[in-house]
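Participant: I have a structure here, written as structure tokens, and I will follow up with some questions on it.
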Protein chains: 2
Amino acid sequence: MLDICILGTGGMMPLPGRWLSSALIRYNGKMILVDCGEGTQITLRNVEWGFKSIEAICVTHFHADHIAGLPGLLLTIGNSGREENLKIIGPRGLNKVVECLTYISPQLPFSLDLIEVEEDAGSCIDVSGISLEYLMLDHNIPCYGYSFNIKRPGKFDVDKANRLSVPQRLWSKLQKGEEIEHEGKIYRPDMVLGDERKGLKISYCTDTRPTEGMVEFIKDSDIFVCEGMYGEDDKIQKAIEKKHMLFKEAAQLARQGHVKEMWLTHYSPSLENPDEFLENAAHIFPNTLASKDLMKKTLRFED
Amino acid sequence: MLDICILGTGGMMPLPGRWLSSALIRYNGKMILVDCGEGTQITLRNVEWGFKSIEAICVTHFHADHIAGLPGLLLTIGNSGREENLKIIGPRGLNKVVECLTYISPQLPFSLDLIEVEEDAGSCIDVSGISLEYLMLDHNIPCYGYSFNIKRPGKFDVDKANRLSVPQRLWSKLQKGEEIEHEGKIYRPDMVLGDERKGLKISYCTDTRPTEGMVEFIKDSDIFVCEGMYGEDDKIQKAIEKKHMLFKEAAQLARQGHVKEMWLTHYSPSLENPDEFLENAAHIFPNTLASKDLMKKTLRFED
């Protein structure tokens with residue numbers, strides 16, 4: 001079971017009634033937060049999933065609307081009783097940004113484990129069983145998209161295990177994916193497991209123009225959370241200039257990436273009612289939703 | 001006419017339904033903001049007095065709940081079209097704190113004029129006709145209270161002016177408080193004005209224990225905005241330890257300072273309904289209000 005909650009859907013500045021864009025991912029009781037603008041800790045409190053189990057914060061980029069809430073949130077996580085390290089993942093320069101922002105919150109009861117993402121694309125930062133991948137997007141400062149993947153191994157194949165005489169006492173460890181040396185022999189998970197089954201995938205991309213790399217990056221996502229700064233098709237020049245996207249462009253990516261559903265977010269303050277322009281995306285990719293603050297969904301494995 | 005709006009009443013962390021403590025003072029269309037925690041720009045938007053005419057931000061101290069909203073607010077003021085300098089007034093170290101916090105909002109269309117308050121008490125920083133005084137309080141880091149004073153000169157005394165043969169062409173300048181040299185003679189405002197009349201005064205003190213200096217500092221305030229972190233009398237040990245106040249202690253100050261009314265603010269997150277404990281203050285100082293977010297009042301000169 002993989003939960004997602006959209007904490008806010010706003011771009012540029014927080015507004016009464018619309019928090020800044022941010023999302024919370026939860027798996028096995030552990031959470032990853034994506035972005036932390038001013039006020040994110042307030043909307044987080046409304047979710048009622050707590051603060052203590054936030055294991056990592058992924059920062060897309062260093063514009064204030066995506067990171068200015070960090071010092072307050074860290075203090076609040078500290079107040080929740082957390083003492084374990086907290087990972088913060090973000091573009092190159094993260095150490096300096098965090099050092100500056102936390103100048104007013106210097107004492108925390110936990111350590112920060114800062115991971116600067118330095119390549120265009122990379123994979124497999126493991127956070128409590130969530131396999132996290134990232135991709136450099138196309139914004140006016142370095143900005144990354146993230147995807148959150150729950151892998152699902154194949155079914156345990158008793159016949160195969162017996163056929164290969166795998167001792168029964170090793171089955172459970174092999175099923176968990178461990179390779180074992182036992183009485184001079186090597187036993188691998190693929191000796192007892194069937195083909196890897198479809199897992200779960202959420203991808204999250206703001207702020208950016210559409211890029212070719214995104215199609216592969218978001219491929220087959222169960223949910224693709226994508227920026228839609230402007231609903232109206234005629235705002236294309238503004239979108240290009242500000243390095244943002246139209247609803248329509250997000251929909252084209254969703255279709256090319258064969259995602260199951262797309263959730264628009266990161267609306268311009270001028271976009272008062274995103275649903276009004278939903279059709280501009282939905283006629284290209286029907287399974288589009290205009291996210292609302294606090295929209296949630298639980299994803300489950302197939303079968 | 002001097003307006004005040006309480007933007008928020010919370011201490012420690014912003015909560016759904018309670019913004020962090022902050023106040024907005026307005027005089028002749030110009031505004032001073034006191035403190036800027038996370039979310040202050042959102043509640044400020046609800047006031048609908050605009051952002052562009054904020055002339056100064058007074059920072060009581062550098063705890064995150066009083067200053068973490070600064071980078072976002074400065075960007076929003078920038079977006080409002082402001083190009084004139086903006087004053088920020090705060091304790092020693094202000095330059096470094098602002099430098100750190102604005103690392104993520106480096107380009108603003110206006111300059112910052114940073115004023116570090118280095119003495120225990122001082123007076124008369126003039127901001128658009130508001131005379132601002134400050135006083136060092138007793139918190140666990142350097143923290144200042146502020147008072148906002150509108151002076152009111154005496155009435156113009158025509159008989160006196162005629163008796164002293166003050167040329168009529170000088171009357172208006174003298175009335176405005178200017179001293180004039182004219183045909184070898186010095187003319188002073190007191191030659192044409194009666195005794196100074198009662199002006200308007202708002203004082204604002206968070207976070208602190210009660211101090212002797214506060215009594216004089218808040219003296220005769222029309223409104224004394226004072227922290228009341230705890231409503232219950234039996235939280236005195238906690239108040240002493242955390243360097244905060246009980247409602248009761250705020251009321252004792254209000255009584256000693258002969259203020260007209262006191263507005264409590266900066267409630268602990270544990271204090272869900274401040275009105276429940278209002279009597280703990282009101283039996284000492286009856287004219288006490290437990291502030292609510294967005295509470296406003298307009299003060300007018302007497303007569």
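Here, A, B, ... name the chains of the structure tokens in the order displayed, residue numbers run from 1 inside each chain, and ligands are numbered from 1 in the same displayed order.
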Taking every C-alpha atom in sequence order, what RMSD separates chain A from chain B after the best least-squares fit?
Facilitator: 0.2 Å
Participant: Per DSSP on the backbone, what are the strand (DSSP E or B) residues of range 35-186 of chain B, as number ranges by chain?
Facilitator: B: 54-58, 86-91, 112-117, 121-127, 130-136, 144-152, 156, 180-182, 185-186
Participant: Using only C-alpha atoms, please write the residues we just selected to a file, as a short mmCIF file (atom, residue, chain, number, x, y, z; two decimals), in the first residue's frame.
Facilitator:
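Writing the result to selection.cif gives the following:
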```cif
data_model
loop_
_atom_site.label_atom_id
_atom_site.label_comp_id
_atom_site.auth_asym_id
_atom_site.auth_seq_id
_atom_site.Cartn_x
_atom_site.Cartn_y
_atom_site.Cartn_z
CA ILE B 54 4.72 48.29 4.16
CA GLU B 55 7.44 50.76 5.10
CA ALA B 56 9.11 48.82 7.88
CA ILE B 57 9.22 45.41 9.48
CA CYS B 58 10.06 45.34 13.19
CA LEU B 86 12.10 48.90 3.02
CA LYS B 87 13.32 49.26 6.61
CA ILE B 88 13.86 46.17 8.72
CA ILE B 89 14.47 46.88 12.40
CA GLY B 90 15.66 44.18 14.78
CA PRO B 91 18.23 43.08 17.36
CA LEU B 112 16.66 46.78 2.38
CA ASP B 113 17.61 49.34 4.98
CA LEU B 114 18.60 47.22 7.98
CA ILE B 115 18.62 48.89 11.39
CA GLU B 116 20.24 46.91 14.19
CA VAL B 117 19.01 48.02 17.58
CA ALA B 121 16.15 51.05 25.03
CA GLY B 122 15.91 53.80 22.47
CA SER B 123 13.52 56.09 20.85
CA CYS B 124 12.32 57.89 17.84
CA ILE B 125 13.06 55.93 14.75
CA ASP B 126 10.63 57.78 12.53
CA VAL B 127 8.74 55.68 9.99
CA ILE B 130 5.07 57.03 13.31
CA SER B 131 7.59 57.52 16.09
CA LEU B 132 8.91 54.12 17.06
CA GLU B 133 10.51 53.27 20.38
CA TYR B 134 12.03 50.00 21.54
CA LEU B 135 12.90 48.24 24.76
CA MET B 136 15.01 45.15 25.45
CA TYR B 144 12.74 43.80 21.86
CA GLY B 145 9.34 45.29 22.51
CA TYR B 146 8.21 48.13 20.26
CA SER B 147 5.89 51.07 20.73
CA PHE B 148 4.30 53.16 17.98
CA ASN B 149 3.50 56.74 18.81
CA ILE B 150 1.62 59.41 16.96
CA LYS B 151 2.51 62.75 18.53
CA ARG B 152 -0.11 65.48 18.54
CA PHE B 156 -2.94 76.77 17.24
CA ILE B 180 11.78 79.40 11.18
CA GLU B 181 14.27 82.24 10.86
CA HIS B 182 12.59 85.28 9.34
CA LYS B 185 14.24 86.68 14.17
CA ILE B 186 13.70 83.05 15.26
#
```
Participant: Skipping near chain neighbours, those fewer than 6 positions away, what residues fall within 7 Å of Glu179 in chain A using only C-alpha atoms, listed as a short mmCIF file (atom, residue, chain, number, x, y, z; two decimals) with N, CA and C atoms, in the first residue's frame?
Facilitator:
```
data_model
loop_
_atom_site.label_atom_id
_atom_site.label_comp_id
_atom_site.auth_asym_id
_atom_site.auth_seq_id
_atom_site.Cartn_x
_atom_site.Cartn_y
_atom_site.Cartn_z
N TYR A 187 22.95 -19.39 -2.92
CA TYR A 187 21.53 -19.42 -3.27
C TYR A 187 21.06 -17.99 -3.57
N ARG A 188 20.45 -17.83 -4.74
CA ARG A 188 19.98 -16.50 -5.16
C ARG A 188 18.45 -16.47 -5.16
N PRO A 189 17.86 -15.26 -4.91
CA PRO A 189 16.40 -15.14 -4.90
C PRO A 189 15.75 -15.68 -6.18
#
```
Participant: With the cut-off set at 8 Å and counting only C-alpha atoms, tabulate each residue of chain A with an atom at most that distance from an atom of chain B, showing the nearest atom pair and its distance in Å to one decimal, ordered by chain and increasing number, as a Markdown table.
Facilitator:
```
| residue | atom | partner | partner_atom | distance |
| --- | --- | --- | --- | --- |
| A:Met13 | CA | B:Thr76 | CA | 7.2 |
| A:Pro14 | CA | B:Ile42 | CA | 6.3 |
| A:Leu15 | CA | B:Ile42 | CA | 5.6 |
| A:Pro16 | CA | B:Ile42 | CA | 5.7 |
| A:Glu38 | CA | B:Glu38 | CA | 6.0 |
| A:Gly39 | CA | B:Gly39 | CA | 5.6 |
| A:Gln41 | CA | B:Pro14 | CA | 7.9 |
| A:Ile42 | CA | B:Leu15 | CA | 5.6 |
| A:Thr43 | CA | B:Pro16 | CA | 7.2 |
| A:Arg45 | CA | B:Pro16 | CA | 7.3 |
| A:Asn46 | CA | B:Pro16 | CA | 7.0 |
| A:Phe62 | CA | B:Ile104 | CA | 6.4 |
| A:His63 | CA | B:Ile104 | CA | 6.2 |
| A:Ala64 | CA | B:Ile104 | CA | 5.8 |
| A:Asp65 | CA | B:Gly72 | CA | 7.4 |
| A:Ala68 | CA | B:Gly72 | CA | 7.0 |
| A:Gly69 | CA | B:Glu38 | CA | 7.0 |
| A:Pro71 | CA | B:Ala64 | CA | 7.2 |
| A:Gly72 | CA | B:Ala64 | CA | 6.4 |
| A:Thr76 | CA | B:Met13 | CA | 7.2 |
| A:Val97 | CA | B:Tyr103 | CA | 7.1 |
| A:Cys100 | CA | B:Cys100 | CA | 4.6 |
| A:Leu101 | CA | B:Leu101 | CA | 5.5 |
| A:Tyr103 | CA | B:Cys100 | CA | 6.8 |
| A:Ile104 | CA | B:Ala64 | CA | 5.7 |
| A:Ser105 | CA | B:Ala64 | CA | 6.5 |
```
Participant: Would you output that residue set with N, CA and C atoms, as an mmCIF file, in the first residue's frame?
Facilitator:
```cif
data_model
loop_
_atom_site.group_PDB
_atom_site.id
_atom_site.type_symbol
_atom_site.label_atom_id
_atom_site.label_comp_id
_atom_site.auth_asym_id
_atom_site.auth_seq_id
_atom_site.Cartn_x
_atom_site.Cartn_y
_atom_site.Cartn_z
ATOM 1 N N MET A 13 3.408 31.798 -4.728
ATOM 2 C CA MET A 13 3.221 32.316 -3.373
ATOM 3 C C MET A 13 2.029 31.617 -2.718
ATOM 4 N N PRO A 14 2.101 31.445 -1.388
ATOM 5 C CA PRO A 14 0.968 30.797 -0.707
ATOM 6 C C PRO A 14 -0.209 31.760 -0.653
ATOM 7 N N LEU A 15 -1.390 31.236 -0.804
ATOM 8 C CA LEU A 15 -2.595 32.069 -0.810
ATOM 9 C C LEU A 15 -3.565 31.565 0.249
ATOM 10 N N PRO A 16 -4.435 32.443 0.748
ATOM 11 C CA PRO A 16 -5.494 31.944 1.627
ATOM 12 C C PRO A 16 -6.300 30.914 0.832
ATOM 13 N N GLU A 38 6.594 27.819 2.200
ATOM 14 C CA GLU A 38 6.039 28.479 3.385
ATOM 15 C C GLU A 38 4.629 27.963 3.658
ATOM 16 N N GLY A 39 4.410 27.418 4.821
ATOM 17 C CA GLY A 39 3.085 26.934 5.206
ATOM 18 C C GLY A 39 2.909 25.430 5.067
ATOM 19 N N GLN A 41 4.165 23.036 6.653
ATOM 20 C CA GLN A 41 3.966 22.362 7.943
ATOM 21 C C GLN A 41 2.529 22.519 8.454
ATOM 22 N N ILE A 42 1.843 23.556 8.028
ATOM 23 C CA ILE A 42 0.457 23.751 8.497
ATOM 24 C C ILE A 42 -0.470 22.768 7.789
ATOM 25 N N THR A 43 -0.339 22.685 6.473
ATOM 26 C CA THR A 43 -1.191 21.753 5.740
ATOM 27 C C THR A 43 -0.847 20.308 6.109
ATOM 28 N N ARG A 45 -0.080 19.300 8.987
ATOM 29 C CA ARG A 45 -0.775 19.012 10.247
ATOM 30 C C ARG A 45 -2.222 18.581 9.977
ATOM 31 N N ASN A 46 -2.806 19.159 8.921
ATOM 32 C CA ASN A 46 -4.181 18.787 8.570
ATOM 33 C C ASN A 46 -4.308 17.344 8.084
ATOM 34 N N PHE A 62 15.488 25.372 -5.551
ATOM 35 C CA PHE A 62 15.667 26.298 -4.426
ATOM 36 C C PHE A 62 14.893 27.602 -4.571
ATOM 37 N N HIS A 63 13.822 27.622 -5.305
ATOM 38 C CA HIS A 63 12.956 28.809 -5.260
ATOM 39 C C HIS A 63 12.174 28.786 -3.946
ATOM 40 N N ALA A 64 11.954 29.995 -3.400
ATOM 41 C CA ALA A 64 11.373 30.109 -2.049
ATOM 42 C C ALA A 64 10.066 29.345 -1.903
ATOM 43 N N ASP A 65 9.241 29.316 -2.962
ATOM 44 C CA ASP A 65 7.937 28.653 -2.834
ATOM 45 C C ASP A 65 8.073 27.134 -2.708
ATOM 46 N N ALA A 68 11.111 27.510 1.418
ATOM 47 C CA ALA A 68 11.182 28.478 2.523
ATOM 48 C C ALA A 68 10.561 27.957 3.819
ATOM 49 N N GLY A 69 9.770 26.893 3.745
ATOM 50 C CA GLY A 69 9.167 26.347 4.965
ATOM 51 C C GLY A 69 10.065 25.385 5.712
ATOM 52 N N PRO A 71 12.969 25.609 7.607
ATOM 53 C CA PRO A 71 13.395 25.772 9.005
ATOM 54 C C PRO A 71 12.264 25.516 9.999
ATOM 55 N N GLY A 72 11.079 26.009 9.693
ATOM 56 C CA GLY A 72 9.944 25.788 10.600
ATOM 57 C C GLY A 72 9.564 24.321 10.681
ATOM 58 N N THR A 76 9.487 21.717 13.910
ATOM 59 C CA THR A 76 8.266 20.985 14.272
ATOM 60 C C THR A 76 8.518 19.474 14.284
ATOM 61 N N VAL A 97 22.292 25.987 1.081
ATOM 62 C CA VAL A 97 20.916 26.475 1.263
ATOM 63 C C VAL A 97 20.400 26.075 2.651
ATOM 64 N N CYS A 100 22.037 28.076 5.405
ATOM 65 C CA CYS A 100 21.494 29.434 5.508
ATOM 66 C C CYS A 100 20.117 29.434 6.170
ATOM 67 N N LEU A 101 19.244 28.587 5.672
ATOM 68 C CA LEU A 101 17.862 28.617 6.173
ATOM 69 C C LEU A 101 17.773 28.197 7.637
ATOM 70 N N TYR A 103 19.866 28.811 9.900
ATOM 71 C CA TYR A 103 20.603 29.730 10.778
ATOM 72 C C TYR A 103 19.714 30.155 11.954
ATOM 73 N N ILE A 104 18.400 30.212 11.719
ATOM 74 C CA ILE A 104 17.472 30.591 12.798
ATOM 75 C C ILE A 104 16.912 29.370 13.544
ATOM 76 N N SER A 105 17.337 28.183 13.175
ATOM 77 C CA SER A 105 16.889 26.984 13.908
ATOM 78 C C SER A 105 18.073 26.047 14.050
#
```
Participant: So that I can check the secondary structure, give me every residue of range 124-275 of chain A assigned alpha helix (DSSP H) by backbone DSSP, as JSON, numbers by chain.
Facilitator: {"A": [158, 159, 160, 161, 162, 163, 171, 172, 173, 174, 175, 212, 213, 214, 215, 216, 217, 236, 237, 238, 239, 240, 241, 242, 247, 248, 249, 250, 251, 252, 253, 254, 255, 256]}
Participant: Restrict the selected residues to C-alpha atoms and save them as a compact mmCIF listing (two decimals), in the first residue's frame.
Facilitator:
```
# COMPACT_ATOMS: atom_id res chain seq x y z
CA VAL A 158 7.71 -23.95 -4.24
CA ASP A 159 8.13 -26.43 -7.10
CA LYS A 160 11.19 -24.59 -8.38
CA ALA A 161 12.69 -24.41 -4.90
CA ASN A 162 12.20 -28.14 -4.40
CA ARG A 163 13.48 -28.97 -7.86
CA TRP A 171 13.24 -19.84 1.75
CA SER A 172 12.09 -16.89 3.76
CA LYS A 173 15.37 -14.98 3.40
CA LEU A 174 15.49 -15.68 -0.33
CA GLN A 175 11.93 -14.48 -0.64
CA GLU A 212 12.00 14.31 -23.82
CA GLY A 213 13.57 12.63 -20.82
CA MET A 214 10.38 13.03 -18.82
CA VAL A 215 8.49 10.58 -21.04
CA GLU A 216 10.77 7.71 -20.06
CA PHE A 217 11.06 8.93 -16.47
CA ILE A 236 2.10 29.42 -24.17
CA GLN A 237 4.49 32.37 -24.53
CA LYS A 238 4.32 33.06 -20.82
CA ALA A 239 4.86 29.36 -20.11
CA ILE A 240 7.95 29.29 -22.31
CA GLU A 241 9.32 32.49 -20.81
CA LYS A 242 8.76 31.44 -17.18
CA PHE A 247 -2.32 21.88 -18.85
CA LYS A 248 -2.22 20.70 -22.46
CA GLU A 249 1.53 20.09 -22.39
CA ALA A 250 1.30 18.09 -19.18
CA ALA A 251 -1.40 15.96 -20.83
CA GLN A 252 0.81 15.27 -23.84
CA LEU A 253 3.52 13.97 -21.52
CA ALA A 254 1.03 11.82 -19.60
CA ARG A 255 -0.19 10.25 -22.85
CA GLN A 256 3.30 9.60 -24.17
```
